[in-house]
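Before any comments, here is the structure.
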Amino acid sequence: MPVQQLVAGVHHFRSQVFKEQRDLFERLGSGQSPNTMFITCSDSRIDPNLITQTAPGDLFVLRNAGNMVPAYGASNGGETAAVEFAIRALDVKDIIICGHSQCGAMKGLLKPEMLAELPDTAKWLQLAETTRQIVRAKYHHLSGDELLSATIEENVLSQIENLQTHPAVAVGLMRGSLKLHAWHYEIETGEIYAYDVTSGQFLPLGMIKEHHSHPAPPVLASHKAPDGSGGRELKS
């Protein structure tokens with residue numbers, strides 16, 4: 001999309017959308033109070049507010065290549081600051097890590113040769129080394145899109161593990177004031193799969209009863225034997 005279209009969009013926003021929702025933006029001008037932090041990929045095809053049908057101010061969003069959350073102390077980047085701010089300053093009650101189909105970062109993780117001319121991207125993807133090794137050990141019987149899908153889901157769970165090493169998250173889980181959720185969004189179907197603690201699988205969001213009442217426990221168990229079903233067990 002050329003920048004001229006973006007400028008035209010800004011003019012449309014100011015002349016129509018903003019005027020029609022002036023009360024909303026005046027309220028947002030005084031501060032934010034989102035209930036949910038949404039961590040997802042930088043991919044241009046992902047729009048957190050669109051797929052969740054939320055308004056400005058509803059989600060505190062963190063985006064990067066591959067929806068990564070470095071383990072606490074492993075990186076001095078903005079991810080750690082964003083997580084801390086979301087919990088301690090904004091008092092969010094839920095954190096969602098959402099991977100997506102056809103993720104370029106996960107393709108690069110599976111095929112490092114794709115990153116020969118992208119050294120910074122290759123370095124960034126070292127944060128998903130746990131994912132790569134799990135997939136290599138567990139999904140050797142898969143290939144193509146099936147392998148990519150398994151990698152995307154395993155990576156979301158690995159990032160949930162990393163998230164739980166952050167002090168603010170650990171305290172929130174201990175107090176019962178914070179819940180974690182692992183999602184996988186399929187761009188081509190619009191379906192969202194969520195990790196179900198009971199079955200240890202990613203299931204369509206609508207199939208998980210009382211989804212928001214089942215936080216991820218603070219400790220993740222060892223991985224299931226490779227049976228082709230995907231997913232990992234959690235334990236408290």
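Every chain in the structure tokens has a letter given in the order shown (A, B, ...), and although residue numbers restart at 1 in each chain, ligands are simply numbered from 1 in the order shown.
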
Expected answer as a count of residues only: alpha helix (DSSP H) residues in segment 59-152 of chain A: 39

Taking the backbone alone, and naming residues the way the document does, which bits of chain A are strand (DSSP E or B) by DSSP, as a VMD selection string? chain A and resid 36 to 41 59 to 64 94 to 100 179 to 185 192 to 196 201 to 204 219 to 220 234 to 235

Using the selection just defined, write its residues with C-alpha atoms as an mmCIF file, in the first residue's frame.
data_model
loop_
_atom_site.group_PDB
_atom_site.id
_atom_site.type_symbol
_atom_site.label_atom_id
_atom_site.label_comp_id
_atom_site.auth_asym_id
_atom_site.auth_seq_id
_atom_site.Cartn_x
_atom_site.Cartn_y
_atom_site.Cartn_z
ATOM 1 C CA THR A 36 -5.600 -7.961 28.503
ATOM 2 C CA MET A 37 -2.081 -8.011 27.134
ATOM 3 C CA PHE A 38 -1.879 -9.483 23.631
ATOM 4 C CA ILE A 39 1.519 -10.732 22.472
ATOM 5 C CA THR A 40 1.700 -11.624 18.795
ATOM 6 C CA CYS A 41 3.826 -11.520 15.648
ATOM 7 C CA LEU A 59 -5.650 -4.484 24.430
ATOM 8 C CA PHE A 60 -2.083 -3.744 25.489
ATOM 9 C CA VAL A 61 -0.227 -5.128 22.473
ATOM 10 C CA LEU A 62 3.353 -6.384 22.159
ATOM 11 C CA ARG A 63 4.511 -7.429 18.682
ATOM 12 C CA ASN A 64 7.748 -8.839 17.347
ATOM 13 C CA ASP A 94 -4.921 -11.932 31.182
ATOM 14 C CA ILE A 95 -1.944 -12.350 28.859
ATOM 15 C CA ILE A 96 -2.453 -14.043 25.492
ATOM 16 C CA ILE A 97 0.449 -15.224 23.352
ATOM 17 C CA CYS A 98 -0.881 -15.713 19.836
ATOM 18 C CA GLY A 99 1.043 -17.446 17.055
ATOM 19 C CA HIS A 100 -0.299 -17.647 13.527
ATOM 20 C CA LYS A 179 -4.076 -15.917 33.701
ATOM 21 C CA LEU A 180 -2.035 -16.986 30.686
ATOM 22 C CA HIS A 181 -3.456 -18.182 27.386
ATOM 23 C CA ALA A 182 -1.793 -19.797 24.345
ATOM 24 C CA TRP A 183 -3.492 -19.198 20.980
ATOM 25 C CA HIS A 184 -2.859 -20.177 17.363
ATOM 26 C CA TYR A 185 -4.634 -18.064 14.727
ATOM 27 C CA ILE A 192 -8.400 -19.566 16.612
ATOM 28 C CA TYR A 193 -7.124 -22.579 18.504
ATOM 29 C CA ALA A 194 -6.393 -22.285 22.220
ATOM 30 C CA TYR A 195 -4.293 -24.578 24.366
ATOM 31 C CA ASP A 196 -6.547 -26.679 26.574
ATOM 32 C CA GLN A 201 -3.955 -30.001 23.032
ATOM 33 C CA PHE A 202 -4.769 -26.944 20.968
ATOM 34 C CA LEU A 203 -8.529 -26.980 20.347
ATOM 35 C CA PRO A 204 -10.901 -24.587 18.559
ATOM 36 C CA VAL A 219 5.105 -24.838 35.794
ATOM 37 C CA LEU A 220 5.135 -26.643 32.464
ATOM 38 C CA LEU A 234 0.862 -28.658 31.924
ATOM 39 C CA LYS A 235 1.053 -29.352 35.611
#

Quick one: residues within 10 Å of Pro56 of chain A, only C-alpha atoms, excluding same-chain residues fewer than 3 positions away - as a PyMOL selection string? chain A and resi 24-25+28+32+34+49+59-60

Using only C-alpha atoms: which of A:Glu191, A:Glu146, A:Glu79, A:Glu117 has the shortest distance to Asn162 of chain A: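 Smallest separation from Asn162 of chain A among the options: A:Glu79.
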
All residues 10 Å or closer to segment 66-77 of chain A, only C-alpha atoms, same chain fewer than 3 positions away omitted, as a PyMOL selection string: chain A and resi 38-43+62-63+80-83+97-100+103-109+124-128+152+155-156+158-167

Write out as a PyMOL selection string the residues lying within 10 Å of segment 171-173 of chain A, counting only C-alpha atoms and excluding same-chain residues fewer than 2 positions away. chain A and resi 87-88+91-94+164+166-169+175-180+215-218

Restricting the output to all heavy atoms, write the selected residues as a compact mmCIF listing (two decimals), in the first residue's frame.
# COMPACT_ATOMS: atom_id res chain seq x y z
N ILE A 87 1.59 -5.58 33.78
CA ILE A 87 1.10 -6.20 35.02
C ILE A 87 1.12 -5.22 36.19
O ILE A 87 0.13 -5.06 36.91
CB ILE A 87 1.93 -7.45 35.35
CG1 ILE A 87 1.76 -8.50 34.25
CG2 ILE A 87 1.51 -8.04 36.71
CD1 ILE A 87 2.71 -9.67 34.36
N ARG A 88 2.24 -4.55 36.36
CA ARG A 88 2.41 -3.72 37.57
C ARG A 88 1.83 -2.32 37.44
O ARG A 88 1.40 -1.74 38.43
CB ARG A 88 3.89 -3.66 37.94
CG ARG A 88 4.41 -5.01 38.41
CD ARG A 88 5.82 -4.96 38.90
NE ARG A 88 6.20 -6.25 39.51
CZ ARG A 88 7.44 -6.62 39.76
NH1 ARG A 88 8.45 -5.80 39.47
NH2 ARG A 88 7.70 -7.80 40.30
N ASP A 91 -2.13 -3.37 35.52
CA ASP A 91 -2.90 -4.40 36.25
C ASP A 91 -3.73 -5.28 35.32
O ASP A 91 -4.89 -5.57 35.59
CB ASP A 91 -3.80 -3.74 37.30
CG ASP A 91 -4.35 -4.74 38.32
OD1 ASP A 91 -3.68 -5.76 38.58
OD2 ASP A 91 -5.46 -4.50 38.84
N VAL A 92 -3.12 -5.71 34.20
CA VAL A 92 -3.86 -6.60 33.30
C VAL A 92 -4.12 -7.93 33.99
O VAL A 92 -3.35 -8.37 34.85
CB VAL A 92 -3.10 -6.84 31.97
CG1 VAL A 92 -2.87 -5.54 31.23
CG2 VAL A 92 -1.80 -7.58 32.20
N LYS A 93 -5.22 -8.55 33.62
CA LYS A 93 -5.64 -9.81 34.26
C LYS A 93 -5.35 -11.04 33.40
O LYS A 93 -5.33 -12.16 33.92
CB LYS A 93 -7.14 -9.76 34.56
CG LYS A 93 -7.56 -8.57 35.42
CD LYS A 93 -6.82 -8.55 36.75
CE LYS A 93 -7.31 -7.38 37.62
NZ LYS A 93 -6.51 -7.28 38.87
N ASP A 94 -5.17 -10.83 32.10
CA ASP A 94 -4.92 -11.93 31.18
C ASP A 94 -3.79 -11.55 30.23
O ASP A 94 -3.71 -10.40 29.79
CB ASP A 94 -6.17 -12.26 30.36
CG ASP A 94 -7.30 -12.79 31.21
OD1 ASP A 94 -7.35 -14.02 31.43
OD2 ASP A 94 -8.13 -11.99 31.67
N GLN A 164 6.65 -17.10 32.15
CA GLN A 164 6.48 -17.44 33.56
C GLN A 164 7.75 -17.23 34.39
O GLN A 164 7.71 -17.31 35.62
CB GLN A 164 6.00 -18.90 33.67
CG GLN A 164 4.59 -19.06 33.16
CD GLN A 164 4.14 -20.51 33.14
OE1 GLN A 164 3.56 -21.02 34.10
NE2 GLN A 164 4.42 -21.20 32.05
N HIS A 166 9.29 -14.36 34.40
CA HIS A 166 9.31 -12.94 34.75
C HIS A 166 8.72 -12.75 36.15
O HIS A 166 7.63 -13.27 36.43
CB HIS A 166 8.53 -12.14 33.71
CG HIS A 166 9.23 -12.06 32.39
ND1 HIS A 166 9.70 -10.88 31.86
CD2 HIS A 166 9.57 -13.03 31.49
CE1 HIS A 166 10.29 -11.12 30.69
NE2 HIS A 166 10.21 -12.42 30.45
N PRO A 167 9.38 -12.02 37.01
CA PRO A 167 8.90 -11.86 38.39
C PRO A 167 7.47 -11.38 38.50
O PRO A 167 6.69 -11.92 39.30
CB PRO A 167 9.89 -10.83 38.98
CG PRO A 167 11.14 -11.02 38.19
CD PRO A 167 10.69 -11.36 36.80
N ALA A 168 7.09 -10.38 37.70
CA ALA A 168 5.72 -9.85 37.80
C ALA A 168 4.70 -10.91 37.43
O ALA A 168 3.62 -10.99 38.03
CB ALA A 168 5.57 -8.62 36.89
N VAL A 169 5.04 -11.75 36.45
CA VAL A 169 4.13 -12.83 36.04
C VAL A 169 4.05 -13.88 37.13
O VAL A 169 2.95 -14.35 37.48
CB VAL A 169 4.61 -13.46 34.71
CG1 VAL A 169 3.75 -14.67 34.36
CG2 VAL A 169 4.56 -12.43 33.59
N ARG A 175 -0.68 -15.26 43.07
CA ARG A 175 -1.82 -14.60 43.72
C ARG A 175 -3.15 -14.98 43.08
O ARG A 175 -4.21 -14.72 43.66
CB ARG A 175 -1.65 -13.08 43.65
CG ARG A 175 -0.53 -12.54 44.53
CD ARG A 175 -0.36 -11.05 44.33
NE ARG A 175 0.60 -10.48 45.26
CZ ARG A 175 1.08 -9.24 45.20
NH1 ARG A 175 0.68 -8.44 44.22
NH2 ARG A 175 1.95 -8.81 46.08
N GLY A 176 -3.11 -15.55 41.89
CA GLY A 176 -4.34 -15.88 41.19
C GLY A 176 -4.97 -14.69 40.50
O GLY A 176 -6.13 -14.75 40.07
N SER A 177 -4.20 -13.61 40.34
CA SER A 177 -4.72 -12.39 39.71
C SER A 177 -4.41 -12.31 38.23
O SER A 177 -4.82 -11.37 37.55
CB SER A 177 -4.14 -11.16 40.42
OG SER A 177 -2.72 -11.15 40.33
N LEU A 178 -3.66 -13.31 37.72
CA LEU A 178 -3.24 -13.29 36.33
C LEU A 178 -3.44 -14.66 35.70
O LEU A 178 -3.18 -15.69 36.34
CB LEU A 178 -1.76 -12.91 36.25
CG LEU A 178 -1.12 -12.83 34.85
CD1 LEU A 178 -1.71 -11.66 34.06
CD2 LEU A 178 0.39 -12.69 34.96
N LYS A 179 -3.90 -14.68 34.45
CA LYS A 179 -4.08 -15.92 33.70
C LYS A 179 -3.33 -15.82 32.37
O LYS A 179 -3.28 -14.75 31.76
CB LYS A 179 -5.56 -16.19 33.45
CG LYS A 179 -6.38 -16.35 34.72
CD LYS A 179 -7.86 -16.44 34.42
CE LYS A 179 -8.69 -16.49 35.70
NZ LYS A 179 -10.15 -16.51 35.42
N LEU A 180 -2.77 -16.93 31.94
CA LEU A 180 -2.03 -16.99 30.69
C LEU A 180 -2.78 -17.85 29.69
O LEU A 180 -3.35 -18.88 30.05
CB LEU A 180 -0.62 -17.55 30.91
CG LEU A 180 0.23 -16.88 32.00
CD1 LEU A 180 1.60 -17.52 32.06
CD2 LEU A 180 0.34 -15.37 31.77
N PRO A 215 -6.41 -20.78 33.95
CA PRO A 215 -5.08 -20.21 33.72
C PRO A 215 -4.04 -21.29 33.51
O PRO A 215 -4.20 -22.41 33.99
CB PRO A 215 -4.81 -19.45 35.02
CG PRO A 215 -5.58 -20.22 36.06
CD PRO A 215 -6.83 -20.67 35.35
N ALA A 216 -2.98 -20.94 32.80
CA ALA A 216 -1.86 -21.87 32.69
C ALA A 216 -1.16 -21.94 34.04
O ALA A 216 -0.83 -20.91 34.61
CB ALA A 216 -0.90 -21.40 31.62
N PRO A 217 -0.96 -23.12 34.61
CA PRO A 217 -0.25 -23.22 35.87
C PRO A 217 1.17 -22.70 35.74
O PRO A 217 1.71 -22.58 34.63
CB PRO A 217 -0.25 -24.74 36.15
CG PRO A 217 -1.37 -25.27 35.33
CD PRO A 217 -1.42 -24.40 34.12
N PRO A 218 1.83 -22.37 36.85
CA PRO A 218 3.13 -21.74 36.78
C PRO A 218 4.27 -22.65 36.38
O PRO A 218 5.39 -22.20 36.25
CB PRO A 218 3.33 -21.20 38.20
CG PRO A 218 2.48 -22.07 39.05
CD PRO A 218 1.30 -22.42 38.21
